[in-house]
Each structure stands twice: as structure tokens, then as C-alpha cells.
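Read through the structure below, which is laid out as C-alpha cells, and then see the notes.
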Amino acid sequence: MGSTGDMMDETLPPLRFIPLSYNHADSQASALRLVLTLNPQWEGPDNKIEFVRFTDGITNTLLKIINRKPGLTEEQIDNEAVLMRAYGNHTEILIDRERETTSHALLASRGLAPPLLARFQNGLLYRFIRGRPATHLDLVKPSLWRGVARRLGQWHAVLPTGGHSASSSSAKELPLSHQVDVDDQHQHKQEDDLEPIKPRVPSPNMWTVLQKWILALPTTTEEQRTRRRALQKELERVVRELDDGRGLGDDGLVFAHCDLLCANVIVLPSQCPATAATSDKEALNVQFIDYEYATPSPAAFDIANHFAEWGGYDCDYSMMPTRSVRRQFLTEYIKSYSQFRGIPECAQQEIVDRLYEDVDRFRGIPGLYWGVWALIQAQISQIDFDYASYAETRLGEYYAWRREVDGSRAQAGEEMPLRERRWAES
């Protein structure tokens with residue numbers, strides 16, 4: 001499929017570090033100190049700094065900081081705006097922040113992310129992208145999913161996978177259990193320590209991320225320890241079945257977003273308003289944001305994970321894409337991927353067919369991935385969201401898929417669950 005080897009050794013310029021922190025209890029004052037350190041020219045009577053809080057994220061604080069100087073248009077104000085992302089408490093258990101920063105810098109160097117401006121003690125400052133976040137109802141519209149398919153094909157074609165394992169060597173060289181410790185007592189709790197998986201390609205990738213999360217699961221009660229062991233067995237099983245190097249990219253991995261929910265898809269402004277793109281053949285221009293979970297991954301996982309998000313936070317499975325819609329999405333995706341990889345048109349249909357089967361094989365894995373994630377969030381998050389119920393819903397998707405694949409659902413004479421039924425529709 002071509003090689004990204006020539007891109008792996010690129011050196012990205014160092015990013016400015018501001019030795020200050022954002023304080024959730026003193027939000028405006030601490031954010032103001034950060035932005036004035038970044039932009040000292042914003043101080044003084046001619047400036048009018050305003051803060052806009054975004055609430056779509058469920059792990060971080062995200063503030064848009066603008067300077068409404070007299071005489072500037074809204075577009076000019078937005079072009080100078082600064083986004084401040086402050087990390088949620090204990091989210092380092094789930095997210096490798098070094099890798100997130102390096103990923104963002106790499107994406108920005110390719111024009112696939114807004115420029116990074118600076119790091120601070122507990123977050124990042126970067127440019128704002130003009131546009132509107134998609135809703136889960138937007139994701140099912142042909143003009144929107146065609147735009148997503150094209151952009152995702154570009155991501156998977158042009159971004160290197162190899163450079164990232166070196167980018168976060170300080171974290172990578174630590175033993176897995178150490179990277180995910182919640183506190184000093186965590187290791188003592190792990191009396192039933194698990195044998196970490198050994199995927200074909202070493203860390204980091206989506207398999208090793210999921211392994212870290214399972215190692216970070218609570219082990220206080222016998223019930224928790226039993227569940228942790230059961231989830232480890234499922235991880236071992238899916239790695240045996242699916243980590244086969246058959247997919248697109250180098251070694252069957254592409255550099256993937258891994259969290260393409262609706263709020264992370266930004267519909268960019270264009271000559272035509274969004275409502276004008278009504279033809280099935282038209283595609284809206286989109287950009288992806290939030291790279292916390294971006295890591296090398298099978299392309300089929302990134303795509304299956306995006307399809308899972310068509311149901312929104314409420315997991316409305318009636319919104320899932322049918323067979324024909326999935327094939328159209330993948331055809332659009334492979335056209336874009338091939339354009340950046342130099343694959344001739346005559347070879348594309350066979351790749352679409354293979355990828356269609358691969359996405360089908362991966363359809364249950366997002367449920368396992370985010371189910372484990374939500375079990376950890378239920379322990380550490382202070383956000384008002386029912387992570388425990390969400391965990392059961394997402395893990396239920398995985399087990400329903402597993403029962404479909406091994407035939408135990410049919411043998412028991414049970415009705416096919418809605419998600420599986422919708423997925424099987426033509």
C-alpha cells in the first residue's frame with residue numbers, strides 16, 4: 001500500500017512550555033494568567049477578553065478565549081482566539097498526555113489539526129477551528145458521512161505510525177502497571193496480577209491502551225477482581241482473533257483518531273450553508289478535533305468505532321449504518337485513502353471488499369474498549385454522568401456481538417438484539 005517510513009523520522013519543533021496551572025476552583029483568573037502569558041499584547045485598556053466554556057467533552061475543561069477588540073469582525077476575532085484544554089483529575093490513568101501532545105503537533109504539521117501554541121502544567125493552548133460541532137443526527141446524513149469518510153481516509157493514508165512509539169519513550173519504557181497506577185496502594189491491590197498481552201506491534205497502539213485500562217481497573221472486592229480477570233481473557237481472545245496484520249497501513253496499523261464521536265467532527269464554514277449540501281454525492285468539509293485517544297490502530301477499529309457513535313451518547317442502535325450505507329462510506333473512504341497512497345482505481349474495489357469484512361469483524365470491539373474505559377471513569381470522574389450504566393451498555397454490545405459470532409444466541413433461540421439486527425440490515 002506504500003510506506004510512511006520517510007515520514008517517521010521527522011523532527012517537530014519544540015513547543016513552548018508555560019510553568020503555570022489552570023485551577024478549576026479559580027477558573028477565570030487562572031485562565032486569564034495563562035492567556036496573558038501567551039499573548040502579553042492582550043493586556044491593557046484596548047482589549048476585551050471573554051471566556052466561552054464548551055461542555056461537550058466529558059473528561060476535560062475546554063475554554064475558548066477571545067479578545068473582542070473594537071473594530072474586529074467575528075471572523076478576525078475567531079482567527080486570533082485561543083482554545084484552552086485543561087485535563088480532568090486522574091485522566092492520566094486513561095490518557096498518555098505526552099503522546100497526545102506529540103500527536104497534535106504531528107497533525108498540525110500536516111494541516112490536519114489547529115496549530116499548538118503552548119503547553120502548561122495541566123493542559124494545552126491551541127488555535128480555534130471555525131465551524132460547528134456535528135450532532136449524532138448529523139452523522140447519518142450522506143453529505144456529512146461522506147465528508148468524514150474522505151477526511152478519515154486522508155488521516156489513515158498520510159500519518160506515520162512508527163514515530164509515535166518513540167515520541168513518548170519516557171512513558172513507554174515504564175512497566176504497564178506503573179503507567180496506570182491510581183495511587184501508591186494500587187500495586188498492592190493487584191494480588192491477582194495479570195500477564196500483559198503481547199501484540200504483534202509493540203506499544204503504543206489501541207491493543208496496549210486497552211491493556212493498560214484493564215490493568216487500571218479496581219481490585220478492591222472479589223467481584224471487581226473476577227470482572228477484571230474476565231475482561232483480560234476477552235482482550236487475550238480478541239487479540240488472538242483480530243491482531244493479524246491484515247488491514248491497511250504498515251503492519252496492519254494506521255494512525256487512528258479512535259474517538260470519532262459527533263462532537264469531535266467539526267463542520268467547516270464553506271461558500272454554501274450546511275443545509276445546501278443535500279445531494280447524496282456532495283460532501284461537507286470537516287475537520288477532526290480532540291486527539292487524546294489517537295494512536296496506531298487497525299483502520300477497521302477506527303471506522304467501526306465511528307459507526308458505533310452514530311447512536312450518540314444514548315446508544316440509539318436504530319441509527320447504526322446498514323450494510324449498504326457502510327459499503328458506500330468505505331467506498332468514499334478508500335477513494336480518499338487511495339488518492340494519498342497512489343493506489344490505482346482498478347485495485348480499489350477489492351480493498352473496499354476486504355475492509356468491509358474487516359469492519360464487520362471489529363464491530364463489537366468498541367463496546368469492549370469504551371466499556372472498560374467507563375468502568376475506570378466510574379471510579380475517578382467527578383463529572384455528573386452515569387459512567388457505571390454506560391459501561392454496562394457498552395460491554396453489552398461486545399457480549400451481544402460475541403454471542404452472534406459464536407452462534408450461542410441462535411442456539412438459545414433468543415431474539416437478535418437491535419444493534420446486531422440493524423447491522424445485518426441491507
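Residues are referred to by chain and number: the chain letter is A, B, ... according to the order shown in the C-alpha cells, the number counts from 1 in that chain, and ligands are numbered separately from 1 in the order shown.
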
Apply DSSP to the backbone of this structure and, from region 25-222 of chain A, keep only the residues in helix (DSSP H, G or I); write these as an MDAnalysis selection string. chainID A and resid 25:38 40:42 74:80 91:93 97:109 136:139 142:158 163:167 169:172 176:179 186:189 206:215 222

With a distance cut-off of 9 Å and only C-alpha atoms, select the neighbouring residues of Asp251 (chain A), excluding the residue or stretch itself and same-chain residues fewer than 6 positions from it, and output the selection as a PyMOL selection string. chain A and resi 200-201+244-245

With region 345-354 of chain A as the partner and 12 Å as the cut-off, tabulate the residues of region 267-339 of chain A that qualify, each row holding the nearest pair of atoms and their distance in Å to one decimal, using only C-alpha atoms, sorted by chain and rising number, as a Markdown table.
| residue | atom | partner | partner_atom | distance |
| --- | --- | --- | --- | --- |
| A:Ala299 | CA | A:Arg354 | CA | 11.6 |
| A:Ala300 | CA | A:Arg354 | CA | 10.1 |
| A:Arg323 | CA | A:Asp353 | CA | 11.9 |
| A:Arg326 | CA | A:Val352 | CA | 10.3 |
| A:Arg327 | CA | A:Val352 | CA | 7.6 |
| A:Gln328 | CA | A:Val352 | CA | 9.4 |
| A:Phe329 | CA | A:Val352 | CA | 9.7 |
| A:Leu330 | CA | A:Val352 | CA | 6.1 |
| A:Thr331 | CA | A:Val352 | CA | 6.0 |
| A:Glu332 | CA | A:Val352 | CA | 9.3 |
| A:Tyr333 | CA | A:Val352 | CA | 8.7 |
| A:Ile334 | CA | A:Val352 | CA | 6.5 |
| A:Lys335 | CA | A:Gln348 | CA | 7.2 |
| A:Ser336 | CA | A:Gln348 | CA | 10.4 |
| A:Tyr337 | CA | A:Gln348 | CA | 9.6 |
| A:Ser338 | CA | A:Gln348 | CA | 7.4 |
| A:Gln339 | CA | A:Glu345 | CA | 9.1 |

Written file, previous selection with C-alpha atoms, as a CSV table (one decimal), in the first residue's frame:
chain,number,residue,atom,x,y,z
A,299,ALA,CA,-8.2,1.1,10.4
A,300,ALA,CA,-11.2,-1.2,10.8
A,323,ARG,CA,-24.8,-2.8,5.0
A,326,ARG,CA,-21.3,1.1,5.3
A,327,ARG,CA,-20.2,0.0,1.9
A,328,GLN,CA,-20.9,3.5,0.4
A,329,PHE,CA,-18.9,5.0,3.4
A,330,LEU,CA,-16.0,2.6,2.8
A,331,THR,CA,-16.0,3.3,-1.0
A,332,GLU,CA,-15.7,7.0,-0.3
A,333,TYR,CA,-13.0,6.4,2.4
A,334,ILE,CA,-10.9,4.1,0.1
A,335,LYS,CA,-11.1,6.7,-2.8
A,336,SER,CA,-9.6,9.3,-0.5
A,337,TYR,CA,-7.1,6.8,1.0
A,338,SER,CA,-6.0,5.7,-2.5
A,339,GLN,CA,-5.6,9.3,-3.6

So, counting only C-alpha atoms, which residue among A:Gln287, A:Ser143, A:Ser389, A:Gln76 is closest to Ala374 (chain A)? A:Ser389

Measuring atom to atom with only C-alpha atoms, identify which of A:Lys281, A:Arg127, A:Arg68, A:His156 is nearest to Val82 (chain A).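 Under the stated criterion, the closest residue is A:Arg127.
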